[in-house]
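Shown next: model_31.cif, given as mmCIF, C-alpha atoms and all ligand atoms.
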```cif
data_run
#
loop_
_atom_site.group_PDB
_atom_site.id
_atom_site.type_symbol
_atom_site.label_atom_id
_atom_site.label_comp_id
_atom_site.auth_asym_id
_atom_site.auth_seq_id
_atom_site.Cartn_x
_atom_site.Cartn_y
_atom_site.Cartn_z
ATOM 1 C CA MET A 5 -66.650 53.282 23.132
ATOM 2 C CA LYS A 6 -68.953 52.666 20.165
ATOM 3 C CA GLN A 7 -70.659 55.803 18.793
ATOM 4 C CA ALA A 8 -74.294 55.761 17.701
ATOM 5 C CA LEU A 9 -74.864 56.353 13.989
ATOM 6 C CA THR A 10 -75.974 59.834 13.037
ATOM 7 C CA LEU A 11 -78.542 60.730 10.371
ATOM 8 C CA PRO A 12 -75.908 61.904 7.864
ATOM 9 C CA LYS A 13 -73.965 58.651 8.361
ATOM 10 C CA ILE A 14 -77.116 56.592 7.778
ATOM 11 C CA LYS A 15 -77.777 58.479 4.550
ATOM 12 C CA ALA A 16 -74.150 58.001 3.513
ATOM 13 C CA MET A 17 -74.507 54.251 4.035
ATOM 14 C CA LYS A 18 -77.238 54.171 1.398
ATOM 15 C CA GLN A 19 -75.180 56.276 -0.991
ATOM 16 C CA ALA A 20 -72.168 53.989 -0.523
ATOM 17 C CA GLY A 21 -74.296 50.838 -0.888
ATOM 18 C CA HIS A 22 -73.514 49.690 2.666
ATOM 19 C CA LYS A 23 -76.352 47.582 4.043
ATOM 20 C CA ILE A 24 -77.946 48.592 7.339
ATOM 21 C CA ALA A 25 -78.569 45.914 9.985
ATOM 22 C CA MET A 26 -81.392 46.752 12.371
ATOM 23 C CA LEU A 27 -82.772 44.509 15.100
ATOM 24 C CA THR A 28 -85.496 44.956 17.656
ATOM 25 C CA ALA A 29 -84.652 44.881 21.365
ATOM 26 C CA TYR A 30 -86.904 45.408 24.335
ATOM 27 C CA ASP A 31 -84.781 45.292 27.469
ATOM 28 C CA TYR A 32 -81.284 45.727 28.896
ATOM 29 C CA PRO A 33 -79.757 42.323 28.011
ATOM 30 C CA SER A 34 -81.198 42.150 24.497
ATOM 31 C CA ALA A 35 -79.994 45.691 23.756
ATOM 32 C CA LYS A 36 -76.538 45.037 25.176
ATOM 33 C CA LEU A 37 -76.146 41.822 23.183
ATOM 34 C CA ALA A 38 -77.409 43.504 20.002
ATOM 35 C CA GLU A 39 -74.910 46.318 20.434
ATOM 36 C CA GLU A 40 -72.034 43.932 21.186
ATOM 37 C CA ALA A 41 -72.958 41.971 18.054
ATOM 38 C CA GLY A 42 -72.659 45.119 15.937
ATOM 39 C CA VAL A 43 -76.187 46.077 14.870
ATOM 40 C CA ASP A 44 -76.377 49.532 13.269
ATOM 41 C CA MET A 45 -79.728 50.509 14.785
ATOM 42 C CA ILE A 46 -81.981 49.115 17.479
ATOM 43 C CA LEU A 47 -85.733 49.294 17.100
ATOM 44 C CA VAL A 48 -87.786 49.225 20.267
ATOM 45 C CA GLY A 49 -90.716 47.896 18.289
ATOM 46 C CA ASP A 50 -94.253 47.787 19.548
ATOM 47 C CA SER A 51 -93.951 44.124 18.532
ATOM 48 C CA LEU A 52 -93.015 43.891 22.209
ATOM 49 C CA GLY A 53 -96.785 43.663 22.664
ATOM 50 C CA ASN A 54 -96.665 40.252 20.982
ATOM 51 C CA VAL A 55 -93.293 38.827 21.942
ATOM 52 C CA VAL A 56 -92.807 40.242 25.448
ATOM 53 C CA LEU A 57 -96.234 41.152 26.810
ATOM 54 C CA GLY A 58 -98.234 38.281 25.278
ATOM 55 C CA TYR A 59 -100.908 40.285 23.420
ATOM 56 C CA ASP A 60 -102.374 39.046 20.131
ATOM 57 C CA THR A 61 -101.729 42.372 18.392
ATOM 58 C CA THR A 62 -99.738 45.565 18.971
ATOM 59 C CA VAL A 63 -102.918 47.577 19.559
ATOM 60 C CA PRO A 64 -102.950 47.344 23.397
ATOM 61 C CA VAL A 65 -99.363 48.634 23.733
ATOM 62 C CA THR A 66 -99.251 51.992 25.515
ATOM 63 C CA LEU A 67 -96.900 54.953 25.461
ATOM 64 C CA GLU A 68 -95.922 54.072 29.045
ATOM 65 C CA ASP A 69 -94.962 50.531 27.892
ATOM 66 C CA MET A 70 -92.763 52.015 25.154
ATOM 67 C CA ILE A 71 -91.084 54.481 27.502
ATOM 68 C CA TYR A 72 -90.417 51.762 30.088
ATOM 69 C CA HIS A 73 -88.840 49.388 27.555
ATOM 70 C CA THR A 74 -86.910 52.116 25.729
ATOM 71 C CA ARG A 75 -85.354 53.193 29.013
ATOM 72 C CA ALA A 76 -84.052 49.663 29.624
ATOM 73 C CA VAL A 77 -82.755 49.429 26.043
ATOM 74 C CA ALA A 78 -81.005 52.793 26.372
ATOM 75 C CA ARG A 79 -79.194 51.542 29.488
ATOM 76 C CA GLY A 80 -78.035 48.451 27.592
ATOM 77 C CA ALA A 81 -77.045 50.042 24.280
ATOM 78 C CA THR A 82 -75.242 53.270 25.009
ATOM 79 C CA GLY A 83 -73.517 53.503 21.628
ATOM 80 C CA THR A 84 -76.263 52.540 19.178
ATOM 81 C CA MET A 85 -79.009 54.560 17.555
ATOM 82 C CA ILE A 86 -82.318 53.675 19.206
ATOM 83 C CA VAL A 87 -85.565 54.105 17.278
ATOM 84 C CA THR A 88 -88.790 53.648 19.246
ATOM 85 C CA ASP A 89 -92.221 52.893 17.843
ATOM 86 C CA MET A 90 -94.970 55.344 18.595
ATOM 87 C CA PRO A 91 -97.742 52.997 19.698
ATOM 88 C CA PHE A 92 -101.277 52.751 18.372
ATOM 89 C CA ALA A 93 -103.167 56.065 18.097
ATOM 90 C CA THR A 94 -100.519 58.134 19.906
ATOM 91 C CA TYR A 95 -99.748 60.043 16.684
ATOM 92 C CA ARG A 96 -103.296 60.336 15.360
ATOM 93 C CA LEU A 97 -104.683 62.925 17.748
ATOM 94 C CA GLY A 98 -103.218 66.011 16.106
ATOM 95 C CA ALA A 99 -99.678 67.213 15.529
ATOM 96 C CA SER A 100 -99.309 68.789 18.988
ATOM 97 C CA GLU A 101 -100.261 65.581 20.781
ATOM 98 C CA THR A 102 -97.903 63.660 18.464
ATOM 99 C CA LEU A 103 -95.079 66.023 19.379
ATOM 100 C CA ARG A 104 -95.823 65.676 23.109
ATOM 101 C CA ASN A 105 -95.798 61.873 22.882
ATOM 102 C CA ALA A 106 -92.668 61.661 20.731
ATOM 103 C CA ALA A 107 -90.870 64.050 23.084
ATOM 104 C CA ARG A 108 -91.698 61.756 26.018
ATOM 105 C CA LEU A 109 -90.187 58.776 24.183
ATOM 106 C CA MET A 110 -86.985 60.754 23.741
ATOM 107 C CA ARG A 111 -86.822 62.620 27.048
ATOM 108 C CA GLU A 112 -88.099 59.912 29.385
ATOM 109 C CA GLY A 113 -87.159 56.843 27.352
ATOM 110 C CA GLY A 114 -83.884 57.913 25.775
ATOM 111 C CA ALA A 115 -84.893 57.176 22.154
ATOM 112 C CA HIS A 116 -82.937 58.956 19.407
ATOM 113 C CA ALA A 117 -85.776 58.731 16.890
ATOM 114 C CA VAL A 118 -89.364 57.553 16.570
ATOM 115 C CA LYS A 119 -91.186 55.400 14.036
ATOM 116 C CA MET A 120 -94.766 55.810 12.840
ATOM 117 C CA GLU A 121 -96.905 53.560 10.637
ATOM 118 C CA GLY A 122 -98.514 55.322 7.699
ATOM 119 C CA GLY A 123 -97.994 57.263 4.490
ATOM 120 C CA ALA A 124 -98.900 60.635 3.021
ATOM 121 C CA ASP A 125 -101.537 61.131 5.721
ATOM 122 C CA LEU A 126 -98.734 61.588 8.276
ATOM 123 C CA ALA A 127 -97.036 64.498 6.493
ATOM 124 C CA GLU A 128 -98.204 67.099 9.009
ATOM 125 C CA GLU A 129 -97.099 65.032 12.008
ATOM 126 C CA ILE A 130 -93.701 64.306 10.469
ATOM 127 C CA ASN A 131 -93.185 67.986 9.619
ATOM 128 C CA ARG A 132 -94.005 68.965 13.171
ATOM 129 C CA LEU A 133 -91.616 66.428 14.702
ATOM 130 C CA THR A 134 -88.699 67.102 12.396
ATOM 131 C CA ALA A 135 -89.138 70.867 12.906
ATOM 132 C CA ALA A 136 -88.772 70.166 16.627
ATOM 133 C CA GLY A 137 -85.582 68.149 16.066
ATOM 134 C CA ILE A 138 -87.138 64.701 16.375
ATOM 135 C CA PRO A 139 -85.901 62.270 13.721
ATOM 136 C CA VAL A 140 -88.646 60.114 12.233
ATOM 137 C CA VAL A 141 -88.657 56.717 10.536
ATOM 138 C CA GLY A 142 -91.649 55.887 8.325
ATOM 139 C CA HIS A 143 -93.284 52.463 8.088
ATOM 140 C CA LEU A 144 -95.153 51.279 4.997
ATOM 141 C CA GLY A 145 -96.589 48.033 3.677
ATOM 142 C CA LEU A 146 -98.066 45.865 6.355
ATOM 143 C CA THR A 147 -98.770 48.190 9.245
ATOM 144 C CA PRO A 148 -99.625 45.905 12.187
ATOM 145 C CA GLN A 149 -101.383 48.644 14.177
ATOM 146 C CA SER A 150 -104.074 48.634 11.440
ATOM 147 C CA VAL A 151 -104.535 44.868 11.559
ATOM 148 C CA HIS A 152 -108.221 45.167 12.422
ATOM 149 C CA GLN A 153 -108.775 47.396 9.398
ATOM 150 C CA ILE A 154 -106.581 45.407 6.988
ATOM 151 C CA GLY A 155 -108.111 42.141 8.192
ATOM 152 C CA GLY A 156 -104.905 40.137 8.695
ATOM 153 C CA TYR A 157 -101.181 40.084 8.155
ATOM 154 C CA ARG A 158 -100.873 39.864 4.387
ATOM 155 C CA VAL A 159 -98.244 40.862 1.838
ATOM 156 C CA GLN A 160 -98.753 44.356 0.413
ATOM 157 C CA GLY A 161 -98.103 45.636 -3.086
ATOM 158 C CA LYS A 162 -99.364 42.682 -5.119
ATOM 159 C CA GLN A 163 -101.969 44.640 -7.055
ATOM 160 C CA GLN A 164 -101.128 47.634 -9.243
ATOM 161 C CA GLU A 165 -103.218 50.103 -7.272
ATOM 162 C CA GLU A 166 -101.636 49.024 -3.989
ATOM 163 C CA ALA A 167 -98.148 49.160 -5.498
ATOM 164 C CA GLU A 168 -98.720 52.676 -6.849
ATOM 165 C CA LYS A 169 -99.985 53.846 -3.475
ATOM 166 C CA LEU A 170 -96.901 52.418 -1.744
ATOM 167 C CA LEU A 171 -94.614 54.287 -4.133
ATOM 168 C CA ALA A 172 -96.559 57.522 -3.701
ATOM 169 C CA ASP A 173 -96.547 57.136 0.096
ATOM 170 C CA ALA A 174 -92.795 56.511 0.146
ATOM 171 C CA LYS A 175 -92.217 59.710 -1.847
ATOM 172 C CA ALA A 176 -94.559 61.608 0.484
ATOM 173 C CA LEU A 177 -92.706 60.321 3.559
ATOM 174 C CA GLU A 178 -89.375 61.313 2.050
ATOM 175 C CA GLN A 179 -90.717 64.771 1.284
ATOM 176 C CA ALA A 180 -92.156 65.133 4.776
ATOM 177 C CA GLY A 181 -88.683 64.520 6.209
ATOM 178 C CA VAL A 182 -88.297 60.917 7.400
ATOM 179 C CA PHE A 183 -84.680 59.718 7.502
ATOM 180 C CA ALA A 184 -85.521 56.055 6.767
ATOM 181 C CA ILE A 185 -88.520 53.946 5.782
ATOM 182 C CA VAL A 186 -89.334 50.471 7.074
ATOM 183 C CA LEU A 187 -91.016 48.339 4.416
ATOM 184 C CA GLU A 188 -92.880 45.420 5.938
ATOM 185 C CA LEU A 189 -94.219 42.517 3.884
ATOM 186 C CA VAL A 190 -93.929 44.332 0.584
ATOM 187 C CA THR A 191 -93.399 42.452 -2.675
ATOM 188 C CA GLU A 192 -89.726 42.377 -3.647
ATOM 189 C CA PRO A 193 -90.050 44.345 -6.932
ATOM 190 C CA ILE A 194 -92.054 47.149 -5.332
ATOM 191 C CA ALA A 195 -89.693 47.374 -2.355
ATOM 192 C CA ALA A 196 -86.752 47.567 -4.781
ATOM 193 C CA ALA A 197 -88.514 50.237 -6.841
ATOM 194 C CA ILE A 198 -89.208 52.301 -3.714
ATOM 195 C CA THR A 199 -85.585 51.899 -2.623
ATOM 196 C CA GLN A 200 -84.388 53.252 -5.956
ATOM 197 C CA SER A 201 -86.848 56.112 -6.020
ATOM 198 C CA VAL A 202 -86.145 57.651 -2.589
ATOM 199 C CA SER A 203 -82.947 59.180 -1.228
ATOM 200 C CA VAL A 204 -83.469 57.833 2.298
ATOM 201 C CA PRO A 205 -82.632 54.232 3.194
ATOM 202 C CA THR A 206 -85.326 51.575 3.134
ATOM 203 C CA ILE A 207 -85.183 48.892 5.783
ATOM 204 C CA GLY A 208 -87.054 45.767 4.836
ATOM 205 C CA ILE A 209 -88.745 43.007 6.777
ATOM 206 C CA GLY A 210 -90.268 40.508 4.398
ATOM 207 C CA ALA A 211 -89.563 42.970 1.580
ATOM 208 C CA GLY A 212 -86.832 41.067 -0.263
ATOM 209 C CA ARG A 213 -83.290 41.742 -1.314
ATOM 210 C CA GLY A 214 -83.556 45.169 -2.861
ATOM 211 C CA CYS A 215 -83.794 47.228 0.347
ATOM 212 C CA ASP A 216 -80.941 49.259 1.826
ATOM 213 C CA GLY A 217 -81.138 47.346 5.092
ATOM 214 C CA GLN A 218 -83.024 44.703 6.995
ATOM 215 C CA VAL A 219 -84.779 44.508 10.339
ATOM 216 C CA LEU A 220 -85.867 41.409 12.226
ATOM 217 C CA VAL A 221 -87.642 40.851 15.503
ATOM 218 C CA TYR A 222 -85.170 39.669 18.172
ATOM 219 C CA HIS A 223 -87.411 36.798 19.263
ATOM 220 C CA ASP A 224 -87.849 35.576 15.666
ATOM 221 C CA LEU A 225 -84.142 35.649 14.837
ATOM 222 C CA LEU A 226 -83.363 33.633 17.981
ATOM 223 C CA ARG A 227 -86.599 31.635 18.207
ATOM 224 C CA TYR A 228 -86.742 33.015 21.730
ATOM 225 C CA GLY A 229 -90.046 31.996 23.285
ATOM 226 C CA SER A 230 -92.497 29.145 23.131
ATOM 227 C CA GLY A 231 -94.466 28.293 20.012
ATOM 228 C CA ILE A 232 -92.728 30.842 17.771
ATOM 229 C CA ARG A 233 -94.320 30.395 14.344
ATOM 230 C CA ASP A 234 -92.141 29.837 11.291
ATOM 231 C CA LYS A 235 -92.332 32.869 9.017
ATOM 232 C CA ARG A 236 -91.116 32.682 5.448
ATOM 233 C CA PHE A 237 -89.327 36.031 5.636
ATOM 234 C CA VAL A 238 -87.426 35.211 8.834
ATOM 235 C CA LYS A 239 -84.055 33.517 8.960
ATOM 236 C CA THR A 240 -83.693 31.796 12.319
ATOM 237 C CA TYR A 241 -80.118 31.931 13.573
ATOM 238 C CA ALA A 242 -80.536 30.018 16.844
ATOM 239 C CA ASP A 243 -83.157 28.080 18.791
ATOM 240 C CA ILE A 244 -82.834 29.770 22.155
ATOM 241 C CA GLY A 245 -86.343 28.788 23.274
ATOM 242 C CA SER A 246 -85.447 25.073 23.181
ATOM 243 C CA VAL A 247 -82.143 25.699 24.934
ATOM 244 C CA ILE A 248 -83.923 27.610 27.721
ATOM 245 C CA ARG A 249 -86.704 25.033 28.101
ATOM 246 C CA GLN A 250 -84.183 22.177 28.308
ATOM 247 C CA ALA A 251 -82.019 24.036 30.827
ATOM 248 C CA ILE A 252 -84.983 24.797 33.091
ATOM 249 C CA SER A 253 -86.228 21.240 32.816
ATOM 250 C CA ASP A 254 -82.737 19.976 33.816
ATOM 251 C CA TYR A 255 -82.806 22.356 36.786
ATOM 252 C CA VAL A 256 -86.225 21.101 37.920
ATOM 253 C CA GLY A 257 -84.995 17.501 37.624
ATOM 254 C CA ASP A 258 -81.860 18.281 39.639
ATOM 255 C CA VAL A 259 -83.845 19.938 42.426
ATOM 256 C CA LYS A 260 -86.282 17.015 42.609
ATOM 257 C CA SER A 261 -83.474 14.449 42.677
ATOM 258 C CA ALA A 262 -81.360 16.571 45.059
ATOM 259 C CA ALA A 263 -78.555 16.660 42.478
ATOM 260 C CA PHE A 264 -78.578 20.437 42.952
ATOM 261 C CA PRO A 265 -77.241 22.116 45.008
ATOM 262 C CA GLU A 266 -73.913 20.319 45.472
ATOM 263 C CA GLU A 267 -71.418 21.022 48.225
ATOM 264 C CA LYS A 268 -69.623 23.543 46.003
ATOM 265 C CA HIS A 269 -72.788 25.670 45.715
ATOM 266 C CA GLY A 270 -73.017 26.183 49.487
ATOM 267 C CA PHE A 271 -71.130 28.419 51.909
ATOM 268 C CA GLN A 272 -69.206 26.931 54.812
ATOM 269 C CA LEU A 273 -68.488 28.324 58.255
ATOM 270 C CA ASP A 274 -65.141 29.769 59.311
ATOM 271 C CA GLU A 275 -63.224 27.912 62.014
ATOM 272 C CA ALA A 276 -64.659 29.752 65.035
ATOM 273 C CA ALA A 277 -68.199 29.493 63.776
ATOM 274 C CA ALA A 278 -67.649 25.802 62.991
ATOM 275 C CA LYS A 279 -66.789 25.238 66.669
ATOM 276 C CA THR A 280 -69.987 27.048 67.715
ATOM 277 C CA MET A 281 -71.907 24.890 65.275
ATOM 278 C CA GLU A 282 -70.384 21.760 66.827
ATOM 279 C CA SER A 283 -71.620 22.821 70.248
ATOM 280 C CA ILE A 284 -75.078 23.612 68.857
ATOM 281 C CA THR A 285 -75.123 20.241 67.127
ATOM 282 C CA ARG A 286 -74.205 18.564 70.407
ATOM 283 C CA LEU A 287 -76.633 20.632 72.450
ATOM 284 C CA TYR A 288 -79.686 20.256 70.213
ATOM 285 C CA GLY A 289 -78.853 16.941 68.605
ATOM 286 C CA VAL A 290 -79.330 18.350 65.072
ATOM 287 C CA GLU A 291 -77.413 16.882 62.204
ATOM 288 C CA ALA A 292 -75.027 19.024 60.160
ATOM 289 C CA PRO A 293 -75.916 18.870 56.453
HETATM 290 O O1 LIG B 301 -92.701 46.589 15.982
HETATM 291 C C1 LIG B 301 -91.794 46.119 15.276
HETATM 292 O O2 LIG B 301 -90.989 45.286 15.709
HETATM 293 C C2 LIG B 301 -91.683 46.595 13.906
HETATM 294 C C3 LIG B 301 -90.832 45.795 12.976
HETATM 295 C C4 LIG B 301 -91.536 44.558 12.604
HETATM 296 C C5 LIG B 301 -90.413 46.577 11.811
HETATM 297 O O3 LIG B 301 -92.298 47.556 13.557
#
```
Would you write out, as structure tokens, the structure that this file holds?
Ligand code: KIV
Amino acid sequence: MKQALTLPKIKAMKQAGHKIAMLTAYDYPSAKLAEEAGVDMILVGDSLGNVVLGYDTTVPVTLEDMIYHTRAVARGATGTMIVTDMPFATYRLGASETLRNAARLMREGGAHAVKMEGGADLAEEINRLTAAGIPVVGHLGLTPQSVHQIGGYRVQGKQQEEAEKLLADAKALEQAGVFAIVLELVTEPIAAAITQSVSVPTIGIGAGRGCDGQVLVYHDLLRYGSGIRDKRFVKTYADIGSVIRQAISDYVGDVKSAAFPEEKHGFQLDEAAAKTMESITRLYGVEAP
């Protein structure tokens, strides 16, 4: 059976220059398929708010949502490290509340680690969690939970001040004890500079080629859904949404035209029951299908 990566092994991958492949998953089948396909880490991202629950942002996602989905993922991927997002505001109410919430994601959900969006301002929370044995992944650059403050989903690190803050935040996260940092929508040179300046792996999404690993959203990679927008930083590997829509449309057509079910899809009577059926048919004048 496949063994989940450990923190020392993840660090060793960076040192050896081995790229880390992370993918989001939100339920049993997506987690099982991701594991079978060989991903190094699964992220139960709060992006599930957008791609699974149909919200416009990740803000409405609750701790209960994350526990529920992590539990399904943990049943599907028994040999892969599972990182779960702490949802909006659940790590901003003091270090004790953060610890309580992170512990629920691990104990009730089965996560191996948690991820939080933010920089130096999270040092106390990260210290508290790591002291309690909870591994933490940082998340810098575009932080979707702050979309209402940032005012949109835009690339980070274009201006000098922003770039310097990203570098300082990455160092602060490393110092606070994170074991990896997700860099989302960060300019390629700044992401590469961060990667070189910290000892923990960086995992990029829209952060270019210089990161130690990459993460994509399951539904983006597979174009799984309806009206999935093209994103420059996503490579689409399949168009599952179209395949599903066509298959369901074929099914509807077959039901309407009575092409489905066929004889082979039904269940027939055994000999004795067939005789009984014959008498019923005779008695009531009904027609056998
Ligand atoms: O929620 C999520 O899926 C994420 C990734 C985009 C990194 O945080």
Residues of chain A that have any atom at most 6 Å from an atom of ligand LIG 301 (chain B): could you tabulate them with the shortest-distance atom pair and the distance in Å to one decimal, using all atoms listed in the file, ordered by chain and increasing number, as JSON lines?
```
{"residue": "A:Thr28", "atom": "CA", "partner": "B:LIG301", "partner_atom": "O2", "distance": 5.8}
{"residue": "A:Gly49", "atom": "CA", "partner": "B:LIG301", "partner_atom": "O1", "distance": 3.3}
{"residue": "A:Asp50", "atom": "CA", "partner": "B:LIG301", "partner_atom": "O1", "distance": 4.1}
{"residue": "A:Ser51", "atom": "CA", "partner": "B:LIG301", "partner_atom": "O1", "distance": 3.8}
{"residue": "A:Val221", "atom": "CA", "partner": "B:LIG301", "partner_atom": "O2", "distance": 5.6}
```
Using the selection just defined, write its residues with C-alpha atoms as a PDB file, in the frame of the given file.
```
ATOM      1  CA  THR A  28     -85.496  44.956  17.656  1.00  0.00           C
ATOM      2  CA  GLY A  49     -90.716  47.896  18.289  1.00  0.00           C
ATOM      3  CA  ASP A  50     -94.253  47.787  19.548  1.00  0.00           C
ATOM      4  CA  SER A  51     -93.951  44.124  18.532  1.00  0.00           C
ATOM      5  CA  VAL A 221     -87.642  40.851  15.503  1.00  0.00           C
TER       6      VAL A 221
END
```
Worksheet item: Which is closer to A:Lys175 than all the others in A:Thr74, A:Gln272, A:Ser203, A:Thr191, using only C-alpha atoms?
Response: A:Ser203
Worksheet entry | Proximity to A:Val140 - best of A:Ala38, A:Pro265, A:Glu68, A:Leu11, only C-alpha atoms | A:Leu11
Fill in: Best match for closeness to A:Gly212 among A:Val159, A:Val63, A:Gly181, A:Ala174, counting all atoms listed in the file
A:Val159
Worksheet item: Do you know which residues the PyMOL selection byres (((chain A and resi 106-116) around 8) and not hetatm) returns on this file, as a PyMOL selection string?
Response: chain A and resi 67+70-75+78+85-88+90+102-105+117-118+133+138-139
Fill in: Residues returned when the PyMOL selection byres (((chain A and resi 35) around 8) and not hetatm) runs on this file, as a PyMOL selection string
chain A and resi 29-34+36-39+46+77-78+80-81
Fill in: Output check: residues returned by the PyMOL selection byres (((chain A and resi 241) around 10) and not hetatm), as an MDAnalysis selection string
chainID A and resid 224:227 238:240 242:244
Discussion item. So the first atom is atom CA of A:Thr285 and the second is atom CA of A:Ala263; what is the distance between them in Å, to one decimal place?
Written reply: 25.1 Å
Any chance you could work out the axis-aligned box around stretch 51-69 of chain A, listed atoms only, 3 Å on each side, giving centre and edge lengths in Å to one decimal, as lines of an AutoDock Vina configuration file?
```
center_x = -97.9
center_y = 46.6
center_z = 23.7
size_x = 16.1
size_y = 22.7
size_z = 16.7
```
Item to complete: Write out as a count of residues only the residues lying within 7 Å of A:Gly217, counting all atoms listed in the file and excluding same-chain residues fewer than 6 positions away.
Response: 6
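Shortest separation to A:Gly42 among A:Pro64, A:Gly83, A:Gly210, A:Pro205 occurs at residue A:Gly83, atoms counted being only C-alpha atoms.
In this model, the gap between atom CA of A:Val182 and atom CA of A:Gly142 comes to 6.1 Å.
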Non-local contacts of A:Ala99 (8 Å; all atoms listed in the file; under 5 positions in same chain excluded) as a PDB file with C-alpha atoms, keeping the file's coordinate frame:
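Below is the file that was written, around-v4.pdb:
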```
ATOM      1  CA  GLU A 128     -98.204  67.099   9.009  1.00  0.00           C
ATOM      2  CA  GLU A 129     -97.099  65.032  12.008  1.00  0.00           C
ATOM      3  CA  ARG A 132     -94.005  68.965  13.171  1.00  0.00           C
TER       4      ARG A 132
END
```
Coordinates of stretch 110-121 of chain A, N, CA and C atoms, as a short mmCIF file (atom, residue, chain, number, x, y, z; two decimals), in the first residue's frame:
```
data_model
loop_
_atom_site.label_atom_id
_atom_site.label_comp_id
_atom_site.auth_asym_id
_atom_site.auth_seq_id
_atom_site.Cartn_x
_atom_site.Cartn_y
_atom_site.Cartn_z
N MET A 110 -8.27 17.78 11.79
CA MET A 110 -7.45 16.56 11.84
C MET A 110 -8.21 15.41 12.49
N ARG A 111 -8.81 15.67 13.64
CA ARG A 111 -9.45 14.59 14.40
C ARG A 111 -10.74 14.11 13.73
N GLU A 112 -11.57 15.05 13.32
CA GLU A 112 -12.87 14.66 12.75
C GLU A 112 -12.78 14.45 11.23
N GLY A 113 -11.89 15.22 10.59
CA GLY A 113 -11.80 15.12 9.13
C GLY A 113 -10.78 14.11 8.65
N GLY A 114 -9.69 13.98 9.41
CA GLY A 114 -8.63 13.05 8.98
C GLY A 114 -7.53 13.75 8.19
N ALA A 115 -7.47 15.10 8.27
CA ALA A 115 -6.38 15.83 7.59
C ALA A 115 -5.05 15.52 8.29
N HIS A 116 -3.95 15.60 7.52
CA HIS A 116 -2.62 15.45 8.11
C HIS A 116 -1.99 16.80 8.42
N ALA A 117 -2.53 17.84 7.76
CA ALA A 117 -1.96 19.18 7.91
C ALA A 117 -3.03 20.20 7.53
N VAL A 118 -2.81 21.45 7.91
CA VAL A 118 -3.76 22.50 7.54
C VAL A 118 -3.04 23.61 6.79
N LYS A 119 -3.81 24.37 6.04
CA LYS A 119 -3.26 25.51 5.29
C LYS A 119 -4.01 26.78 5.70
N MET A 120 -3.22 27.87 5.83
CA MET A 120 -3.81 29.15 6.19
C MET A 120 -3.29 30.23 5.24
N GLU A 121 -4.14 31.16 4.90
CA GLU A 121 -3.76 32.27 4.01
C GLU A 121 -3.24 33.44 4.84
#
```
